[in-house]
$ cat protein30.cif   # mmCIF, C-alpha atoms, pLDDT in the B column; chains and numbers go by the auth columns
data_final
loop_
_atom_site.group_PDB
_atom_site.id
_atom_site.type_symbol
_atom_site.label_atom_id
_atom_site.label_comp_id
_atom_site.label_asym_id
_atom_site.label_seq_id
_atom_site.Cartn_x
_atom_site.Cartn_y
_atom_site.Cartn_z
_atom_site.B_iso_or_equiv
_atom_site.auth_seq_id
_atom_site.auth_asym_id
ATOM 1 C CA MET A 1 15.946 -20.459 15.326 67.00 521 A
ATOM 2 C CA THR A 2 15.021 -22.096 12.047 72.00 522 A
ATOM 3 C CA THR A 3 15.698 -20.759 8.554 69.00 523 A
ATOM 4 C CA SER A 4 13.747 -23.405 6.689 66.00 524 A
ATOM 5 C CA GLY A 5 10.362 -23.067 8.387 59.00 525 A
ATOM 6 C CA THR A 6 8.473 -25.825 10.094 55.00 526 A
ATOM 7 C CA GLY A 7 5.293 -25.669 8.054 65.00 527 A
ATOM 8 C CA GLY A 8 1.944 -24.855 9.567 87.00 528 A
ATOM 9 C CA LEU A 9 1.925 -21.400 11.120 89.00 529 A
ATOM 10 C CA ASP A 10 5.262 -20.410 9.592 92.00 530 A
ATOM 11 C CA ALA A 11 4.011 -21.137 6.079 93.00 531 A
ATOM 12 C CA VAL A 12 0.739 -19.280 6.666 95.00 532 A
ATOM 13 C CA LEU A 13 2.555 -16.222 8.010 97.00 533 A
ATOM 14 C CA ILE A 14 5.055 -16.140 5.143 97.00 534 A
ATOM 15 C CA PHE A 15 2.240 -16.515 2.614 97.00 535 A
ATOM 16 C CA ALA A 16 0.313 -13.671 4.279 97.00 536 A
ATOM 17 C CA VAL A 17 3.390 -11.413 4.246 98.00 537 A
ATOM 18 C CA VAL A 18 4.030 -12.092 0.545 98.00 538 A
ATOM 19 C CA VAL A 19 0.404 -11.501 -0.446 98.00 539 A
ATOM 20 C CA ALA A 20 0.181 -8.304 1.623 98.00 540 A
ATOM 21 C CA SER A 21 3.507 -7.048 0.249 98.00 541 A
ATOM 22 C CA VAL A 22 2.538 -7.610 -3.385 98.00 542 A
ATOM 23 C CA ALA A 23 -0.867 -6.023 -2.769 97.00 543 A
ATOM 24 C CA LEU A 24 0.781 -3.012 -1.099 96.00 544 A
ATOM 25 C CA MET A 25 3.198 -2.537 -3.987 95.00 545 A
ATOM 26 C CA LEU A 26 0.323 -2.661 -6.467 94.00 546 A
ATOM 27 C CA VAL A 27 -1.631 -0.126 -4.415 92.00 547 A
ATOM 28 C CA TRP A 28 1.338 2.271 -4.334 89.00 548 A
ATOM 29 C CA LEU A 29 1.848 1.833 -8.076 89.00 549 A
ATOM 30 C CA LYS A 30 -1.821 2.346 -8.913 85.00 550 A
ATOM 31 C CA SER A 31 -2.125 5.434 -6.715 75.00 551 A
ATOM 32 C CA ARG A 32 0.747 7.011 -8.601 69.00 552 A
ATOM 33 C CA ARG A 33 -0.462 5.826 -12.002 64.00 553 A
ATOM 34 C CA VAL A 34 2.827 4.040 -12.564 61.00 554 A
ATOM 35 C CA PHE A 35 2.487 1.701 -15.521 62.00 555 A
ATOM 36 C CA GLY A 36 4.943 0.436 -18.046 68.00 556 A
ATOM 37 C CA GLU A 37 6.575 -2.528 -19.636 76.00 557 A
ATOM 38 C CA PHE A 38 7.686 -5.577 -17.705 86.00 558 A
ATOM 39 C CA PRO A 39 10.929 -4.590 -15.934 90.00 559 A
ATOM 40 C CA LEU A 40 13.832 -6.394 -17.578 95.00 560 A
ATOM 41 C CA SER A 41 15.862 -6.074 -14.385 96.00 561 A
ATOM 42 C CA ALA A 42 13.318 -8.255 -12.567 97.00 562 A
ATOM 43 C CA ALA A 43 13.714 -10.954 -15.191 97.00 563 A
ATOM 44 C CA LEU A 44 17.496 -10.757 -14.904 98.00 564 A
ATOM 45 C CA LEU A 45 17.298 -11.128 -11.135 98.00 565 A
ATOM 46 C CA TRP A 46 15.028 -14.151 -11.466 98.00 566 A
ATOM 47 C CA LEU A 47 17.355 -15.761 -14.003 98.00 567 A
ATOM 48 C CA MET A 48 20.388 -15.101 -11.801 98.00 568 A
ATOM 49 C CA VAL A 49 18.759 -17.123 -9.029 98.00 569 A
ATOM 50 C CA ALA A 50 16.802 -19.627 -11.128 98.00 570 A
ATOM 51 C CA VAL A 51 19.519 -20.929 -13.438 98.00 571 A
ATOM 52 C CA PRO A 52 21.946 -22.218 -10.758 98.00 572 A
ATOM 53 C CA SER A 53 19.046 -23.308 -8.537 98.00 573 A
ATOM 54 C CA ILE A 54 17.512 -25.447 -11.297 97.00 574 A
ATOM 55 C CA LEU A 55 20.904 -26.838 -12.287 97.00 575 A
ATOM 56 C CA GLN A 56 21.560 -27.750 -8.656 97.00 576 A
ATOM 57 C CA ALA A 57 18.136 -29.339 -8.180 94.00 577 A
ATOM 58 C CA LEU A 58 18.157 -31.379 -11.386 94.00 578 A
ATOM 59 C CA LEU A 59 21.676 -31.857 -12.714 95.00 579 A
ATOM 60 C CA ILE A 60 24.526 -30.702 -10.451 96.00 580 A
ATOM 61 C CA PRO A 61 23.663 -31.332 -6.785 96.00 581 A
ATOM 62 C CA GLY A 62 27.229 -30.486 -5.796 96.00 582 A
ATOM 63 C CA LEU A 63 26.456 -26.797 -6.345 97.00 583 A
ATOM 64 C CA LEU A 64 24.610 -26.787 -3.044 97.00 584 A
ATOM 65 C CA GLU A 65 27.683 -27.735 -1.035 96.00 585 A
ATOM 66 C CA MET A 66 29.803 -25.352 -3.089 97.00 586 A
ATOM 67 C CA PHE A 67 27.627 -22.255 -2.585 98.00 587 A
ATOM 68 C CA ARG A 68 25.565 -22.793 0.574 97.00 588 A
ATOM 69 C CA ARG A 69 25.910 -20.824 3.790 97.00 589 A
ATOM 70 C CA ASP A 70 28.152 -22.674 6.217 97.00 590 A
ATOM 71 C CA PRO A 71 29.078 -20.693 9.363 96.00 591 A
ATOM 72 C CA ALA A 72 32.194 -22.747 10.028 96.00 592 A
ATOM 73 C CA LEU A 73 33.557 -22.225 6.517 97.00 593 A
ATOM 74 C CA ILE A 74 32.589 -18.564 6.541 97.00 594 A
ATOM 75 C CA ARG A 75 34.559 -18.075 9.756 95.00 595 A
ATOM 76 C CA ASP A 76 37.493 -19.749 8.016 96.00 596 A
ATOM 77 C CA GLY A 77 37.448 -17.058 5.344 95.00 597 A
ATOM 78 C CA GLN A 78 34.902 -18.204 2.783 97.00 598 A
ATOM 79 C CA TRP A 79 32.844 -15.042 3.348 96.00 599 A
ATOM 80 C CA TRP A 80 31.338 -15.124 -0.155 96.00 600 A
ATOM 81 C CA ARG A 81 29.025 -17.934 0.945 97.00 601 A
ATOM 82 C CA ILE A 82 26.876 -15.307 2.688 97.00 602 A
ATOM 83 C CA LEU A 83 25.901 -14.069 -0.789 97.00 603 A
ATOM 84 C CA THR A 84 26.307 -17.157 -2.988 97.00 604 A
ATOM 85 C CA SER A 85 23.871 -19.102 -0.812 98.00 605 A
ATOM 86 C CA VAL A 86 21.086 -17.145 -2.526 98.00 606 A
ATOM 87 C CA LEU A 87 21.915 -18.932 -5.798 98.00 607 A
ATOM 88 C CA VAL A 88 21.094 -22.460 -4.609 98.00 608 A
ATOM 89 C CA GLN A 89 18.283 -24.067 -2.628 97.00 609 A
ATOM 90 C CA ASP A 90 18.255 -26.463 0.312 95.00 610 A
ATOM 91 C CA GLY A 91 14.548 -27.354 0.217 92.00 611 A
ATOM 92 C CA GLY A 92 14.585 -29.944 -2.542 93.00 612 A
ATOM 93 C CA VAL A 93 12.488 -29.619 -5.683 94.00 613 A
ATOM 94 C CA ALA A 94 9.416 -28.404 -3.782 94.00 614 A
ATOM 95 C CA GLY A 95 11.397 -25.719 -1.959 94.00 615 A
ATOM 96 C CA THR A 96 13.102 -24.644 -5.175 96.00 616 A
ATOM 97 C CA VAL A 97 9.785 -24.263 -6.991 97.00 617 A
ATOM 98 C CA THR A 98 8.267 -22.336 -4.068 96.00 618 A
ATOM 99 C CA ASN A 99 11.180 -19.925 -3.783 97.00 619 A
ATOM 100 C CA LEU A 100 11.406 -19.295 -7.533 98.00 620 A
ATOM 101 C CA VAL A 101 7.664 -18.784 -7.941 98.00 621 A
ATOM 102 C CA THR A 102 7.651 -16.367 -4.999 98.00 622 A
ATOM 103 C CA LEU A 103 10.530 -14.382 -6.505 98.00 623 A
ATOM 104 C CA ALA A 104 8.742 -14.325 -9.872 98.00 624 A
ATOM 105 C CA VAL A 105 5.675 -12.829 -8.192 98.00 625 A
ATOM 106 C CA VAL A 106 7.540 -10.320 -6.010 98.00 626 A
ATOM 107 C CA ALA A 107 10.280 -9.014 -8.311 98.00 627 A
ATOM 108 C CA PRO A 108 8.244 -7.372 -11.139 96.00 628 A
ATOM 109 C CA PRO A 109 6.126 -5.021 -8.973 95.00 629 A
ATOM 110 C CA ALA A 110 9.101 -4.370 -6.682 96.00 630 A
ATOM 111 C CA PHE A 111 11.374 -3.309 -9.542 96.00 631 A
ATOM 112 C CA ARG A 112 8.613 -1.240 -11.129 93.00 632 A
ATOM 113 C CA LEU A 113 8.058 0.510 -7.793 92.00 633 A
ATOM 114 C CA TRP A 114 11.676 1.010 -6.772 93.00 634 A
ATOM 115 C CA GLY A 115 13.505 1.026 -10.080 92.00 635 A
ATOM 116 C CA ALA A 116 16.330 -1.289 -11.112 94.00 636 A
ATOM 117 C CA ALA A 117 19.165 0.066 -8.958 95.00 637 A
ATOM 118 C CA ARG A 118 17.102 0.266 -5.765 95.00 638 A
ATOM 119 C CA GLY A 119 15.507 -3.104 -6.447 96.00 639 A
ATOM 120 C CA TRP A 120 18.879 -4.805 -6.773 97.00 640 A
ATOM 121 C CA ALA A 121 20.127 -2.977 -3.682 97.00 641 A
ATOM 122 C CA LEU A 122 17.163 -4.136 -1.589 98.00 642 A
ATOM 123 C CA PHE A 123 17.552 -7.739 -2.710 98.00 643 A
ATOM 124 C CA LEU A 124 21.306 -7.891 -2.146 98.00 644 A
ATOM 125 C CA LEU A 125 21.231 -6.001 1.152 98.00 645 A
ATOM 126 C CA GLY A 126 18.392 -8.234 2.304 98.00 646 A
ATOM 127 C CA GLN A 127 20.486 -11.288 1.491 98.00 647 A
ATOM 128 C CA LEU A 128 23.557 -9.796 3.171 98.00 648 A
ATOM 129 C CA LEU A 129 21.697 -9.031 6.402 97.00 649 A
ATOM 130 C CA PHE A 130 19.915 -12.388 6.439 97.00 650 A
ATOM 131 C CA GLY A 131 23.198 -14.186 5.743 96.00 651 A
ATOM 132 C CA LEU A 132 25.019 -12.348 8.508 96.00 652 A
ATOM 133 C CA LEU A 133 22.185 -13.031 10.942 96.00 653 A
ATOM 134 C CA THR A 134 22.096 -16.752 10.179 95.00 654 A
ATOM 135 C CA THR A 135 25.881 -16.962 10.313 95.00 655 A
ATOM 136 C CA ALA A 136 26.775 -14.942 13.400 94.00 656 A
ATOM 137 C CA VAL A 137 23.640 -14.630 15.539 92.00 657 A
ATOM 138 C CA PHE A 138 21.663 -17.795 14.785 92.00 658 A
ATOM 139 C CA PRO A 139 24.278 -19.997 13.093 94.00 659 A
ATOM 140 C CA SER A 140 22.819 -22.482 10.633 94.00 660 A
ATOM 141 C CA THR A 141 23.880 -24.168 7.435 95.00 661 A
ATOM 142 C CA GLY A 142 21.515 -23.533 4.566 96.00 662 A
ATOM 143 C CA ALA A 143 20.722 -21.906 1.252 97.00 663 A
ATOM 144 C CA GLY A 144 17.900 -20.276 -0.648 97.00 664 A
ATOM 145 C CA ASN A 145 16.570 -16.925 -1.783 97.00 665 A
ATOM 146 C CA SER A 146 13.617 -16.752 0.606 97.00 666 A
ATOM 147 C CA GLY A 147 15.248 -14.260 2.994 97.00 667 A
ATOM 148 C CA ALA A 148 16.273 -11.852 0.226 98.00 668 A
ATOM 149 C CA THR A 149 12.902 -12.174 -1.504 98.00 669 A
ATOM 150 C CA LEU A 150 10.993 -11.423 1.702 98.00 670 A
ATOM 151 C CA ALA A 151 13.189 -8.387 2.359 98.00 671 A
ATOM 152 C CA LEU A 152 12.547 -7.097 -1.173 98.00 672 A
ATOM 153 C CA ALA A 153 8.815 -7.663 -0.750 98.00 673 A
ATOM 154 C CA ALA A 154 8.513 -6.146 2.724 98.00 674 A
ATOM 155 C CA ALA A 155 10.425 -3.001 1.726 98.00 675 A
ATOM 156 C CA ALA A 156 7.122 -1.569 0.510 96.00 676 A
ATOM 157 C CA ALA A 157 6.044 -1.321 4.146 96.00 677 A
ATOM 158 C CA GLY A 158 8.651 1.411 4.659 95.00 678 A
ATOM 159 C CA ILE A 159 7.146 3.798 2.115 92.00 679 A
ATOM 160 C CA GLY A 160 4.751 5.161 4.715 86.00 680 A
ATOM 161 C CA VAL A 161 7.576 7.184 6.298 82.00 681 A
ATOM 162 C CA LEU A 162 7.620 9.425 3.212 82.00 682 A
ATOM 163 C CA VAL A 163 4.011 9.372 2.064 82.00 683 A
ATOM 164 C CA ARG A 164 1.080 9.541 4.449 81.00 684 A
ATOM 165 C CA PRO A 165 -0.681 6.196 3.907 84.00 685 A
ATOM 166 C CA ARG A 166 -4.396 5.745 3.460 90.00 686 A
ATOM 167 C CA MET A 167 -6.375 3.000 5.159 93.00 687 A
ATOM 168 C CA PRO A 168 -5.627 0.204 2.621 92.00 688 A
ATOM 169 C CA GLU A 169 -1.896 0.904 2.885 94.00 689 A
ATOM 170 C CA ILE A 170 -2.078 1.053 6.685 95.00 690 A
ATOM 171 C CA VAL A 171 -3.819 -2.323 6.866 96.00 691 A
ATOM 172 C CA LEU A 172 -1.417 -4.005 4.432 97.00 692 A
ATOM 173 C CA THR A 173 1.614 -2.505 6.173 97.00 693 A
ATOM 174 C CA ALA A 174 0.303 -3.770 9.508 97.00 694 A
ATOM 175 C CA VAL A 175 -0.107 -7.284 8.090 97.00 695 A
ATOM 176 C CA ILE A 176 3.507 -7.238 6.902 98.00 696 A
ATOM 177 C CA VAL A 177 5.004 -5.918 10.136 97.00 697 A
ATOM 178 C CA VAL A 178 2.855 -8.056 12.441 98.00 698 A
ATOM 179 C CA GLY A 179 3.527 -11.099 10.269 97.00 699 A
ATOM 180 C CA GLY A 180 7.274 -10.515 10.479 97.00 700 A
ATOM 181 C CA ALA A 181 7.174 -9.979 14.240 97.00 701 A
ATOM 182 C CA THR A 182 5.081 -13.114 14.730 97.00 702 A
ATOM 183 C CA LEU A 183 7.555 -15.169 12.704 97.00 703 A
ATOM 184 C CA VAL A 184 10.285 -13.997 15.066 95.00 704 A
ATOM 185 C CA THR A 185 8.234 -15.062 18.094 95.00 705 A
ATOM 186 C CA VAL A 186 7.811 -18.571 16.665 93.00 706 A
ATOM 187 C CA ASP A 187 11.583 -18.827 16.122 92.00 707 A
ATOM 188 C CA ASP A 188 11.561 -18.421 12.350 95.00 708 A
ATOM 189 C CA ALA A 189 14.452 -16.276 11.110 94.00 709 A
ATOM 190 C CA HIS A 190 12.412 -15.210 8.101 96.00 710 A
ATOM 191 C CA GLY A 191 10.719 -12.770 10.443 97.00 711 A
ATOM 192 C CA PHE A 192 13.970 -10.835 10.685 97.00 712 A
ATOM 193 C CA ALA A 193 14.139 -10.780 6.871 98.00 713 A
ATOM 194 C CA VAL A 194 10.666 -9.225 6.764 98.00 714 A
ATOM 195 C CA LEU A 195 11.402 -6.621 9.443 98.00 715 A
ATOM 196 C CA SER A 196 14.820 -5.745 8.022 98.00 716 A
ATOM 197 C CA GLY A 197 13.230 -5.348 4.589 98.00 717 A
ATOM 198 C CA ALA A 198 10.704 -2.875 5.986 98.00 718 A
ATOM 199 C CA LEU A 199 13.518 -0.910 7.640 97.00 719 A
ATOM 200 C CA LEU A 200 15.597 -0.955 4.457 97.00 720 A
ATOM 201 C CA GLY A 201 12.599 0.328 2.528 96.00 721 A
ATOM 202 C CA ALA A 202 12.069 3.138 5.031 96.00 722 A
ATOM 203 C CA ALA A 203 15.732 4.151 4.843 95.00 723 A
ATOM 204 C CA LEU A 204 15.854 3.944 1.057 94.00 724 A
ATOM 205 C CA VAL A 205 12.660 5.887 0.440 92.00 725 A
ATOM 206 C CA THR A 206 13.851 8.607 2.829 91.00 726 A
ATOM 207 C CA LEU A 207 17.369 8.972 1.416 90.00 727 A
ATOM 208 C CA PHE A 208 16.808 8.063 -2.242 87.00 728 A
ATOM 209 C CA PRO A 209 13.069 8.149 -3.023 82.00 729 A
ATOM 210 C CA PRO A 210 12.228 6.558 -6.388 78.00 730 A
ATOM 211 C CA HIS A 211 10.374 8.513 -9.046 70.00 731 A
ATOM 212 C CA SER A 212 7.278 6.355 -8.515 63.00 732 A
ATOM 213 C CA ILE A 213 6.843 7.777 -5.004 66.00 733 A
ATOM 214 C CA ASP A 214 5.214 11.197 -5.018 53.00 734 A
ATOM 215 C CA ALA A 215 4.626 12.797 -1.613 42.00 735 A
ATOM 216 C CA ARG A 216 2.129 15.282 -3.031 38.00 736 A
ATOM 217 C CA ARG A 217 -0.750 12.840 -2.551 44.00 737 A
ATOM 218 C CA ALA A 218 -0.458 13.467 1.177 42.00 738 A
ATOM 219 C CA GLY A 219 -0.716 17.219 0.623 42.00 739 A
ATOM 220 C CA GLU A 220 2.662 17.734 2.271 37.00 740 A
ATOM 221 C CA SER A 221 6.188 16.361 2.050 42.00 741 A
ATOM 222 C CA LEU A 222 7.252 14.228 4.940 37.00 742 A
ATOM 223 C CA ARG A 223 10.914 14.240 4.019 39.00 743 A
ATOM 224 C CA PRO A 224 13.239 15.193 6.901 39.00 744 A
ATOM 225 C CA SER A 225 14.500 18.214 4.949 34.00 745 A
ATOM 226 C CA ALA A 226 10.984 19.628 4.945 33.00 746 A
ATOM 227 C CA LEU A 227 10.422 19.272 8.693 29.00 747 A
#
$ encode --input "protein30.cif" --output "structure tokens"
Amino acid sequence: MTTSGTGGLDAVLIFAVVVASVALMLVWLKSRRVFGEFPLSAALLWLMVAVPSILQALLIPGLLEMFRRDPALIRDGQWWRILTSVLVQDGGVAGTVTNLVTLAVVAPPAFRLWGAARGWALFLLGQLLFGLLTTAVFPSTGAGNSGATLALAAAAAGIGVLVRPRMPEIVLTAVIVVGGATLVTVDDAHGFAVLSGALLGAALVTLFPPHSIDARRAGESLRPSAL
């Protein structure tokens, strides 16, 4: 199973998932009249990934070997590579630009929707799960923030467990979930990042719902404690 994509269908599916995820986040935000300044935490996340990635791509290529995910080295005790692999990119300049632009598009609405703490948690847990998957289940050497970014984006699909979605949200959620499942069927590990992100979002919104999510729009609370 690939972690770098093969172009063609993979790229189309990932693009569709990102577009649907951003659109869904904006719909949730608009429906709850959540507006505000640009979230500083989103900028900090982008800088955390962008600075070492740009340095690696342009000036210090050795950072890739130092930080990338390597199953053999991880089994030898270098477990931190599961997380540090998000700080460098293995797709060359084009892949670096794509991953950083995608994160720049996804992070602001995600952090406005979820808040800083939940946004960081979704990104880091998404990276942890994707790193474990591509180390233990589908071992592959690689690096990049695409898995964590897709998990952060797709988390919006889990909000429907707390708030009864309307038709636009249902359609966008379906695009995200079907896109993730289709990626899995074409042997692209990014599909697992999408599906795990949706599950993380469902768990997070159930246990620790952010202030931007108000169940009153549905006319009833769908939280387990109210059932």
$ closest_residue --input "protein30.cif" --among "A:Ile594, A:Ala543, A:Ala627, A:Leu575" --to "Val613 (chain A)" --atoms "only C-alpha atoms"
A:Leu575
$ closest_residue --input "protein30.cif" --among "A:Met568, A:Leu544, A:Ala663, A:Leu682" --to "Asp590 (chain A)" --atoms "only C-alpha atoms"
A:Ala663
$ closest_residue --input "protein30.cif" --among "A:Ala674, A:Ile696, A:Val542, A:Ala701" --to "Leu719 (chain A)" --atoms "all atoms listed in the file"
A:Ala674
$ residues_around --input "protein30.cif" --residues "Gly651 (chain A)" --least-positions-apart "5" --cutoff "12 Å" --atoms "all atoms listed in the file" --output "VMD selection string"
chain A and resid 523 588 to 591 594 599 to 606 644 to 646 656 to 668 709 to 710 712 to 713
$ closest_residue --input "protein30.cif" --among "A:Ala694, A:Leu720, A:Ala592, A:Met545" --to "Leu649 (chain A)" --atoms "only C-alpha atoms"
A:Leu720
$ residues_around --input "protein30.cif" --residues "Leu565 (chain A)" --least-positions-apart "3" --cutoff "9 Å" --atoms "only C-alpha atoms" --output "PyMOL selection string"
chain A and resi 560-562+568-570+623+627+640
$ closest_residue --input "protein30.cif" --among "A:Thr522, A:Thr693, A:Thr705, A:Thr726" --to "Ala540 (chain A)" --atoms "only C-alpha atoms"
A:Thr693
$ residues_around --input "protein30.cif" --residues "Val626 (chain A)" --least-positions-apart "5" --cutoff "8 Å" --atoms "only C-alpha atoms" --output "PyMOL selection string"
chain A and resi 538+542+669+672-673
$ closest_residue --input "protein30.cif" --among "A:Phe587, A:Phe650, A:Phe535, A:Phe558" --to "Phe631 (chain A)" --atoms "only C-alpha atoms"
A:Phe558
$ resolve_selection --input "protein30.cif" --expression "the PyMOL selection byres ((chain A and resi 634) around 10)" --output "JSON, numbers by chain"
{"A": [545, 549, 629, 630, 631, 632, 633, 635, 636, 637, 638, 639, 640, 641, 642, 672, 675, 676, 721, 724, 725, 728, 729, 730, 731, 732, 733]}
$ axis_aligned_box --input "protein30.cif" --around "region 536-540 of chain A" --padding-each-side "4 Å" --output "AutoDock Vina command-line options"
--center_x 2.1 --center_y -11.0 --center_z 1.9 --size_x 11.8 --size_y 13.4 --size_z 12.7
$ atom_distance --input "protein30.cif" --atom1 "CA of Thr654 (chain A)" --atom2 "CA of Gly711 (chain A)"
12.1 Å
